[in-house]
file target.cif (mmCIF, C-alpha atoms)
data_structure
#
loop_
_atom_site.group_PDB
_atom_site.id
_atom_site.type_symbol
_atom_site.label_atom_id
_atom_site.label_comp_id
_atom_site.auth_asym_id
_atom_site.auth_seq_id
_atom_site.Cartn_x
_atom_site.Cartn_y
_atom_site.Cartn_z
ATOM 1 C CA MET A 1 46.422 -129.090 215.346
ATOM 2 C CA THR A 2 45.852 -125.427 216.192
ATOM 3 C CA PHE A 3 48.739 -124.076 214.108
ATOM 4 C CA PRO A 4 46.543 -123.365 211.037
ATOM 5 C CA LEU A 5 44.566 -121.011 213.298
ATOM 6 C CA MET A 6 47.601 -119.113 214.540
ATOM 7 C CA THR A 7 48.968 -115.800 213.284
ATOM 8 C CA VAL A 8 50.573 -115.541 209.844
ATOM 9 C CA HIS A 9 53.956 -114.722 211.373
ATOM 10 C CA LEU A 10 53.949 -117.882 213.493
ATOM 11 C CA GLN A 11 52.817 -120.012 210.552
ATOM 12 C CA THR A 12 55.461 -118.464 208.299
ATOM 13 C CA VAL A 13 58.276 -119.138 210.766
ATOM 14 C CA ARG A 14 57.194 -122.708 211.446
ATOM 15 C CA SER A 15 56.813 -123.496 207.749
ATOM 16 C CA ASP A 16 60.235 -122.012 206.961
ATOM 17 C CA ILE A 17 61.940 -123.978 209.751
ATOM 18 C CA LYS A 18 60.371 -127.252 208.595
ATOM 19 C CA ARG A 19 61.585 -126.542 205.042
ATOM 20 C CA LEU A 20 65.099 -125.614 206.190
ATOM 21 C CA LEU A 21 65.402 -128.746 208.312
ATOM 22 C CA LYS A 22 65.281 -130.800 205.111
ATOM 23 C CA SER A 23 68.573 -129.196 204.029
ATOM 24 C CA ILE A 24 70.438 -130.697 207.003
ATOM 25 C CA ASN A 25 71.627 -134.198 206.146
ATOM 26 C CA LYS A 26 71.627 -136.191 209.384
ATOM 27 C CA THR A 27 70.558 -139.776 209.937
ATOM 28 C CA ASP A 28 72.487 -140.794 213.052
ATOM 29 C CA LYS A 29 70.806 -138.472 215.577
ATOM 30 C CA PRO A 30 68.258 -135.636 215.731
ATOM 31 C CA VAL A 31 69.090 -132.150 214.504
ATOM 32 C CA THR A 32 70.040 -129.739 217.304
ATOM 33 C CA ILE A 33 68.609 -126.215 217.154
ATOM 34 C CA LEU A 34 69.730 -123.388 219.421
ATOM 35 C CA ASP A 35 66.718 -121.115 219.907
ATOM 36 C CA VAL A 36 68.189 -117.736 220.894
ATOM 37 C CA GLY A 37 65.740 -115.614 222.851
ATOM 38 C CA GLY A 38 63.312 -118.511 222.641
ATOM 39 C CA ARG A 39 61.545 -118.508 226.022
ATOM 40 C CA LYS A 40 58.178 -120.188 225.278
ATOM 41 C CA SER A 41 59.130 -120.609 221.611
ATOM 42 C CA PRO A 42 56.029 -122.117 219.926
ATOM 43 C CA TYR A 43 57.742 -122.287 216.541
ATOM 44 C CA THR A 44 59.459 -125.637 217.124
ATOM 45 C CA ILE A 45 56.732 -127.434 219.071
ATOM 46 C CA GLY A 46 56.370 -131.030 217.920
ATOM 47 C CA LEU A 47 59.253 -130.975 215.453
ATOM 48 C CA PRO A 48 61.611 -134.018 215.463
ATOM 49 C CA VAL A 49 64.589 -131.995 216.716
ATOM 50 C CA ASN A 50 66.466 -131.328 219.942
ATOM 51 C CA VAL A 51 65.878 -127.715 220.933
ATOM 52 C CA ILE A 52 68.187 -125.838 223.270
ATOM 53 C CA LEU A 53 66.609 -122.613 224.535
ATOM 54 C CA LEU A 54 68.893 -119.669 225.277
ATOM 55 C CA ASP A 55 67.876 -116.358 226.802
ATOM 56 C CA VAL A 56 69.086 -113.750 229.266
ATOM 57 C CA PRO A 57 67.711 -113.742 232.830
ATOM 58 C CA GLN A 58 64.744 -111.440 233.273
ATOM 59 C CA GLU A 59 65.667 -108.186 234.966
ATOM 60 C CA GLU A 60 63.771 -105.418 236.696
ATOM 61 C CA GLY A 61 62.586 -102.581 234.484
ATOM 62 C CA THR A 62 61.744 -102.772 230.798
ATOM 63 C CA LYS A 63 62.513 -106.475 230.315
ATOM 64 C CA LYS A 64 60.240 -107.425 233.208
ATOM 65 C CA ASP A 65 57.488 -105.071 232.073
ATOM 66 C CA LEU A 66 57.569 -106.572 228.569
ATOM 67 C CA ASN A 67 57.962 -110.162 229.801
ATOM 68 C CA LEU A 68 61.381 -110.606 228.177
ATOM 69 C CA GLY A 69 64.030 -113.068 229.328
ATOM 70 C CA PHE A 70 63.858 -116.215 231.468
ATOM 71 C CA THR A 71 62.253 -116.501 234.901
ATOM 72 C CA ASP A 72 61.932 -119.521 237.186
ATOM 73 C CA ALA A 73 58.229 -119.759 236.320
ATOM 74 C CA ILE A 74 58.905 -119.774 232.572
ATOM 75 C CA LEU A 75 61.630 -122.408 232.952
ATOM 76 C CA LYS A 76 59.360 -124.668 235.017
ATOM 77 C CA ASN A 77 56.495 -124.292 232.552
ATOM 78 C CA ILE A 78 58.711 -125.129 229.561
ATOM 79 C CA LYS A 79 60.112 -128.256 231.201
ATOM 80 C CA GLN A 80 56.600 -129.510 231.905
ATOM 81 C CA LYS A 81 55.083 -128.825 228.488
ATOM 82 C CA ARG A 82 57.821 -129.287 225.873
ATOM 83 C CA SER A 83 59.021 -132.792 225.006
ATOM 84 C CA ASN A 84 61.713 -131.738 222.501
ATOM 85 C CA ILE A 85 63.538 -129.263 224.763
ATOM 86 C CA SER A 86 66.841 -130.933 225.655
ATOM 87 C CA ASP A 87 68.518 -128.062 227.507
ATOM 88 C CA LEU A 88 68.028 -124.522 228.814
ATOM 89 C CA VAL A 89 70.871 -122.001 228.741
ATOM 90 C CA ILE A 90 70.770 -118.649 230.547
ATOM 91 C CA GLN A 91 73.396 -116.316 229.125
ATOM 92 C CA ASP A 92 73.947 -113.297 226.899
ATOM 93 C CA MET A 93 74.677 -114.355 223.311
ATOM 94 C CA THR A 94 76.886 -111.295 222.815
ATOM 95 C CA LYS A 95 79.197 -112.816 225.437
ATOM 96 C CA SER A 96 78.652 -116.435 224.472
ATOM 97 C CA THR A 97 80.744 -119.192 226.032
ATOM 98 C CA LEU A 98 79.221 -121.915 223.847
ATOM 99 C CA ALA A 99 81.555 -124.140 221.849
ATOM 100 C CA ASP A 100 82.150 -123.360 218.187
ATOM 101 C CA GLU A 101 80.233 -125.471 215.647
ATOM 102 C CA SER A 102 78.126 -127.156 218.323
ATOM 103 C CA TYR A 103 74.638 -126.762 216.771
ATOM 104 C CA ASP A 104 73.115 -127.666 213.424
ATOM 105 C CA ALA A 105 71.044 -124.493 213.255
ATOM 106 C CA VAL A 106 69.981 -121.388 215.164
ATOM 107 C CA THR A 107 66.612 -119.653 215.300
ATOM 108 C CA CYS A 108 66.302 -116.060 216.453
ATOM 109 C CA ILE A 109 62.699 -114.863 216.238
ATOM 110 C CA GLU A 110 61.990 -111.165 216.908
ATOM 111 C CA VAL A 111 65.105 -110.838 219.073
ATOM 112 C CA ILE A 112 67.894 -109.009 217.234
ATOM 113 C CA GLU A 113 66.047 -105.668 217.391
ATOM 114 C CA HIS A 114 66.475 -105.820 221.200
ATOM 115 C CA VAL A 115 70.262 -106.281 221.113
ATOM 116 C CA PRO A 116 72.571 -103.229 221.417
ATOM 117 C CA GLU A 117 75.715 -105.136 220.359
ATOM 118 C CA ASP A 118 74.268 -106.697 217.228
ATOM 119 C CA GLU A 119 77.652 -107.271 215.550
ATOM 120 C CA SER A 120 78.975 -109.538 218.326
ATOM 121 C CA PHE A 121 75.522 -111.102 218.661
ATOM 122 C CA VAL A 122 75.488 -112.247 215.025
ATOM 123 C CA ALA A 123 79.185 -113.198 215.090
ATOM 124 C CA ASN A 124 78.633 -115.521 218.055
ATOM 125 C CA ILE A 125 75.548 -117.056 216.472
ATOM 126 C CA SER A 126 77.551 -117.814 213.345
ATOM 127 C CA LYS A 127 80.378 -119.386 215.358
ATOM 128 C CA VAL A 128 78.194 -121.987 217.067
ATOM 129 C CA ILE A 129 76.682 -123.296 213.801
ATOM 130 C CA LYS A 130 78.185 -126.349 212.143
ATOM 131 C CA LYS A 131 79.275 -126.208 208.506
ATOM 132 C CA GLY A 132 76.253 -126.752 206.305
ATOM 133 C CA GLY A 133 73.887 -125.288 208.895
ATOM 134 C CA TRP A 134 71.910 -122.061 208.989
ATOM 135 C CA ALA A 135 70.570 -119.261 211.172
ATOM 136 C CA TYR A 136 66.995 -118.045 210.798
ATOM 137 C CA PHE A 137 66.038 -114.515 211.905
ATOM 138 C CA THR A 138 62.866 -112.455 211.894
ATOM 139 C CA THR A 139 62.644 -108.814 212.939
ATOM 140 C CA PRO A 140 60.367 -105.802 212.320
ATOM 141 C CA ASN A 141 60.538 -104.352 208.806
ATOM 142 C CA GLY A 142 62.426 -101.085 209.237
ATOM 143 C CA ASP A 143 61.722 -100.075 205.637
ATOM 144 C CA PHE A 144 58.118 -99.502 206.707
ATOM 145 C CA ILE A 145 57.779 -99.676 210.515
ATOM 146 C CA LYS A 146 59.799 -96.940 212.195
ATOM 147 C CA ASN A 147 60.406 -97.300 215.919
ATOM 148 C CA GLU A 148 59.712 -93.696 216.820
ATOM 149 C CA GLY A 149 56.970 -91.390 218.030
ATOM 150 C CA PRO A 150 54.189 -92.307 220.487
ATOM 151 C CA GLY A 151 54.134 -95.938 219.324
ATOM 152 C CA LYS A 152 57.841 -96.497 219.982
ATOM 153 C CA ASN A 153 58.747 -99.818 221.605
ATOM 154 C CA PRO A 154 61.094 -98.878 224.485
ATOM 155 C CA ASP A 155 63.023 -102.153 224.294
ATOM 156 C CA HIS A 156 63.697 -102.045 220.534
ATOM 157 C CA ILE A 157 67.179 -100.682 219.822
ATOM 158 C CA ARG A 158 66.644 -100.443 216.081
ATOM 159 C CA HIS A 159 64.432 -101.550 213.200
ATOM 160 C CA TYR A 160 66.597 -102.769 210.328
ATOM 161 C CA THR A 161 65.992 -101.987 206.702
ATOM 162 C CA LYS A 162 66.388 -104.961 204.380
ATOM 163 C CA GLU A 163 69.712 -103.589 203.151
ATOM 164 C CA GLU A 164 71.044 -103.036 206.688
ATOM 165 C CA LEU A 165 70.168 -106.545 207.802
ATOM 166 C CA GLN A 166 71.615 -108.056 204.635
ATOM 167 C CA HIS A 167 74.952 -106.264 205.123
ATOM 168 C CA LEU A 168 75.137 -107.213 208.824
ATOM 169 C CA LEU A 169 74.590 -110.909 208.167
ATOM 170 C CA GLU A 170 76.881 -111.004 205.125
ATOM 171 C CA ARG A 171 79.817 -110.161 207.371
ATOM 172 C CA HIS A 172 79.334 -113.454 209.216
ATOM 173 C CA PHE A 173 77.694 -115.930 206.831
ATOM 174 C CA ASP A 174 78.687 -117.406 203.474
ATOM 175 C CA LYS A 175 75.269 -116.807 201.918
ATOM 176 C CA VAL A 176 72.391 -114.596 203.051
ATOM 177 C CA GLU A 177 68.760 -114.285 201.952
ATOM 178 C CA VAL A 178 66.481 -111.492 203.237
ATOM 179 C CA HIS A 179 62.873 -110.859 202.273
ATOM 180 C CA TYR A 180 59.697 -109.182 203.531
ATOM 181 C CA ALA A 181 56.791 -111.038 205.180
ATOM 182 C CA VAL A 182 53.256 -110.550 206.553
ATOM 183 C CA LYS A 183 50.949 -107.844 205.241
ATOM 184 C CA THR A 184 50.136 -105.130 207.771
ATOM 185 C CA GLY A 185 46.738 -103.519 208.281
ATOM 186 C CA LYS A 186 43.525 -103.981 210.228
ATOM 187 C CA TYR A 187 43.223 -107.725 209.585
ATOM 188 C CA ARG A 188 46.708 -108.426 210.937
ATOM 189 C CA VAL A 189 45.879 -106.328 214.026
ATOM 190 C CA MET A 190 42.606 -108.221 214.366
ATOM 191 C CA SER A 191 44.435 -111.565 214.239
ATOM 192 C CA LEU A 192 46.816 -110.556 217.035
ATOM 193 C CA LYS A 193 44.083 -110.106 219.648
ATOM 194 C CA GLY A 194 44.515 -113.656 220.946
ATOM 195 C CA PHE A 195 41.930 -116.128 222.201
ATOM 196 C CA ASP A 196 39.845 -115.550 225.313
ATOM 197 C CA LYS A 197 37.256 -118.290 225.968
ATOM 198 C CA LYS A 198 35.151 -115.739 227.848
ATOM 199 C CA LYS A 199 34.823 -113.733 224.625
ATOM 200 C CA PRO A 200 33.686 -116.147 221.881
ATOM 201 C CA PHE A 201 32.914 -113.319 219.448
ATOM 202 C CA GLY A 202 36.460 -112.046 219.928
ATOM 203 C CA ILE A 203 37.819 -115.499 219.055
ATOM 204 C CA LEU A 204 35.792 -115.592 215.845
ATOM 205 C CA LYS A 205 36.923 -112.080 214.974
ATOM 206 C CA SER A 206 40.572 -113.021 215.532
ATOM 207 C CA LEU A 207 40.215 -116.153 213.396
ATOM 208 C CA TYR A 208 38.541 -114.176 210.625
ATOM 209 C CA GLY A 209 41.299 -111.554 210.702
ATOM 210 C CA ASN A 210 43.926 -114.281 210.490
ATOM 211 C CA MET A 211 42.254 -115.939 207.505
ATOM 212 C CA ILE A 212 42.158 -112.652 205.594
ATOM 213 C CA ASN A 213 45.727 -111.816 206.603
ATOM 214 C CA GLN A 214 46.937 -115.194 205.324
ATOM 215 C CA PHE A 215 45.461 -114.405 201.930
ATOM 216 C CA GLN A 216 46.882 -110.849 201.972
ATOM 217 C CA SER A 217 50.366 -112.071 202.878
ATOM 218 C CA LYS A 218 50.896 -114.276 199.845
ATOM 219 C CA ASP A 219 53.695 -113.157 197.518
ATOM 220 C CA VAL A 220 54.824 -110.121 199.552
ATOM 221 C CA GLN A 221 58.501 -111.181 199.690
ATOM 222 C CA ASP A 222 59.546 -108.247 197.519
ATOM 223 C CA THR A 223 57.125 -105.687 198.993
ATOM 224 C CA PRO A 224 58.810 -103.211 201.369
ATOM 225 C CA ILE A 225 55.676 -101.122 202.019
ATOM 226 C CA GLU A 226 52.908 -102.313 204.348
ATOM 227 C CA THR A 227 54.732 -105.469 205.413
ATOM 228 C CA ALA A 228 55.435 -106.136 209.080
ATOM 229 C CA HIS A 229 58.562 -108.306 209.168
ATOM 230 C CA LEU A 230 61.911 -109.082 207.629
ATOM 231 C CA VAL A 231 62.863 -112.749 207.349
ATOM 232 C CA ALA A 232 66.562 -113.521 206.974
ATOM 233 C CA ILE A 233 68.504 -116.759 206.577
ATOM 234 C CA GLY A 234 72.263 -116.967 206.933
ATOM 235 C CA TYR A 235 73.947 -120.131 205.617
ATOM 236 C CA LYS A 236 77.289 -121.486 206.817
#
call {"tool": "encode", "arguments": {"input": "target.cif", "output": "structure tokens"}}
result
Amino acid sequence: MTFPLMTVHLQTVRSDIKRLLKSINKTDKPVTILDVGGRKSPYTIGLPVNVILLDVPQEEGTKKDLNLGFTDAILKNIKQKRSNISDLVIQDMTKSTLADESYDAVTCIEVIEHVPEDESFVANISKVIKKGGWAYFTTPNGDFIKNEGPGKNPDHIRHYTKEELQHLLERHFDKVEVHYAVKTGKYRVMSLKGFDKKKPFGILKSLYGNMINQFQSKDVQDTPIETAHLVAIGYK
């Protein structure tokens, strides 16, 4: 019920996944989605699918500081709160041991920018998808947001331009679509502040920022400037 109040990025991803699920023709059993880098993964909550979460173990240093990767606490929390999680896999997708064509679809939300070996990462994602399935990626928009200077994210290896991401995915998928999403600016920043029940004014401010950002983010698919994300879909 709270999804309409969430950030535009989260709403965009969830809406896209629900739409893409309709393209998978299955009646005998639920669709299986491998969520690469998923951890808490709110994007698939409540959907009628079997979700398999995959992530690397959390390590000391940058990954721990930025809360990346799986920990025992995260695993325990997920098992308690998510009814559609059917399995948890701890491994590096660039060195995947998963069987070929074993999942109907893959989601990879704000992950690929963290991966040094992106070619093998995408190749292995493609391999595990069944024919007729798809992989859904989001990542920062490198045509506008440069990962450099004082605001550099130390765990981001690269920010892809639309053309770079398109070419990477085309080497491993039969059909690829890439577009821009989510208008940047003060209202997006306002919406990302999160909810703190001790700060009711802050909650209202965040909700207001999100409402404005939703309106701003309509029809920005072809707008490289002042958009925060790239959304890409690779079809098998």
call {"tool": "resolve_selection", "arguments": {"input": "target.cif", "expression": "the PyMOL selection byres ((chain A and resi 167-181) around 10)", "output": "ChimeraX atom specification"}}
result
/A:8-9,12-13,118-120,122-127,134-141,143,160,162-166,182-184,217-236
call {"tool": "atom_distance", "arguments": {"input": "target.cif", "atom1": "atom CA of Tyr187 of chain A", "atom2": "atom CA of Gly46 of chain A"}}
result
28.0 Å
call {"tool": "resolve_selection", "arguments": {"input": "target.cif", "expression": "the PyMOL selection byres ((chain A and resi 113) around 8)", "output": "MDAnalysis selection string"}}
result
chainID A and resid 110:112 114:115 139:140 156:160
call {"tool": "atom_distance", "arguments": {"input": "target.cif", "atom1": "atom CA of Ser83 of chain A", "atom2": "atom CA of Tyr103 of chain A"}}
result
18.7 Å
call {"tool": "closest_residue", "arguments": {"input": "target.cif", "among": "A:Met6, A:Thr94, A:Lys131, A:Val106", "to": "Asn25 of chain A", "atoms": "all atoms listed in the file"}}
result
A:Lys131
call {"tool": "closest_residue", "arguments": {"input": "target.cif", "among": "A:Ser206, A:Ile33, A:Asn50, A:Ser41", "to": "Ile129 of chain A", "atoms": "only C-alpha atoms"}}
result
A:Ile33
call {"tool": "resolve_selection", "arguments": {"input": "target.cif", "expression": "the PyMOL selection byres ((chain A and resi 53) around 9)", "output": "compact mmCIF listing (two decimals) with C-alpha atoms, keeping the file's coordinate frame"}}
result
# COMPACT_ATOMS: atom_id res chain seq x y z
CA ILE A 33 68.61 -126.22 217.15
CA LEU A 34 69.73 -123.39 219.42
CA ASP A 35 66.72 -121.12 219.91
CA VAL A 36 68.19 -117.74 220.89
CA GLY A 37 65.74 -115.61 222.85
CA GLY A 38 63.31 -118.51 222.64
CA ARG A 39 61.54 -118.51 226.02
CA LYS A 40 58.18 -120.19 225.28
CA SER A 41 59.13 -120.61 221.61
CA VAL A 51 65.88 -127.72 220.93
CA ILE A 52 68.19 -125.84 223.27
CA LEU A 54 68.89 -119.67 225.28
CA ASP A 55 67.88 -116.36 226.80
CA ILE A 85 63.54 -129.26 224.76
CA SER A 86 66.84 -130.93 225.66
CA ASP A 87 68.52 -128.06 227.51
CA LEU A 88 68.03 -124.52 228.81
CA VAL A 89 70.87 -122.00 228.74
CA ILE A 90 70.77 -118.65 230.55
call {"tool": "atom_distance", "arguments": {"input": "target.cif", "atom1": "atom CA of Ile109 of chain A", "atom2": "atom CA of Thr44 of chain A"}}
result
11.3 Å
call {"tool": "closest_residue", "arguments": {"input": "target.cif", "among": "A:Asp92, A:Glu101, A:Glu148, A:Asp155", "to": "Phe121 of chain A", "atoms": "all atoms listed in the file"}}
result
A:Asp92
call {"tool": "closest_residue", "arguments": {"input": "target.cif", "among": "A:Gly151, A:Pro4, A:Pro48, A:Pro116", "to": "Lys26 of chain A", "atoms": "all atoms listed in the file"}}
result
A:Pro48
call {"tool": "axis_aligned_box", "arguments": {"input": "target.cif", "around": "segment 223-229 of chain A", "padding_each_side": "4 Å", "output": "lines of an AutoDock Vina configuration file"}}
result
center_x = 55.9
center_y = -104.7
center_z = 204.1
size_x = 13.9
size_y = 15.2
size_z = 18.2
call {"tool": "residues_around", "arguments": {"input": "target.cif", "residues": "Leu10 of chain A", "least_positions_apart": "5", "cutoff": "9 Å", "atoms": "only C-alpha atoms", "output": "list in words"}}
result
Phe3, Ser15, Pro42 and Tyr43 of chain A
call {"tool": "closest_residue", "arguments": {"input": "target.cif", "among": "A:Lys199, A:Lys22, A:Lys130, A:Lys152", "to": "Val49 of chain A", "atoms": "all atoms listed in the file"}}
result
A:Lys22
call {"tool": "closest_residue", "arguments": {"input": "target.cif", "among": "A:Lys186, A:Pro30, A:Gly133, A:Lys198", "to": "Thr107 of chain A", "atoms": "all atoms listed in the file"}}
result
A:Gly133
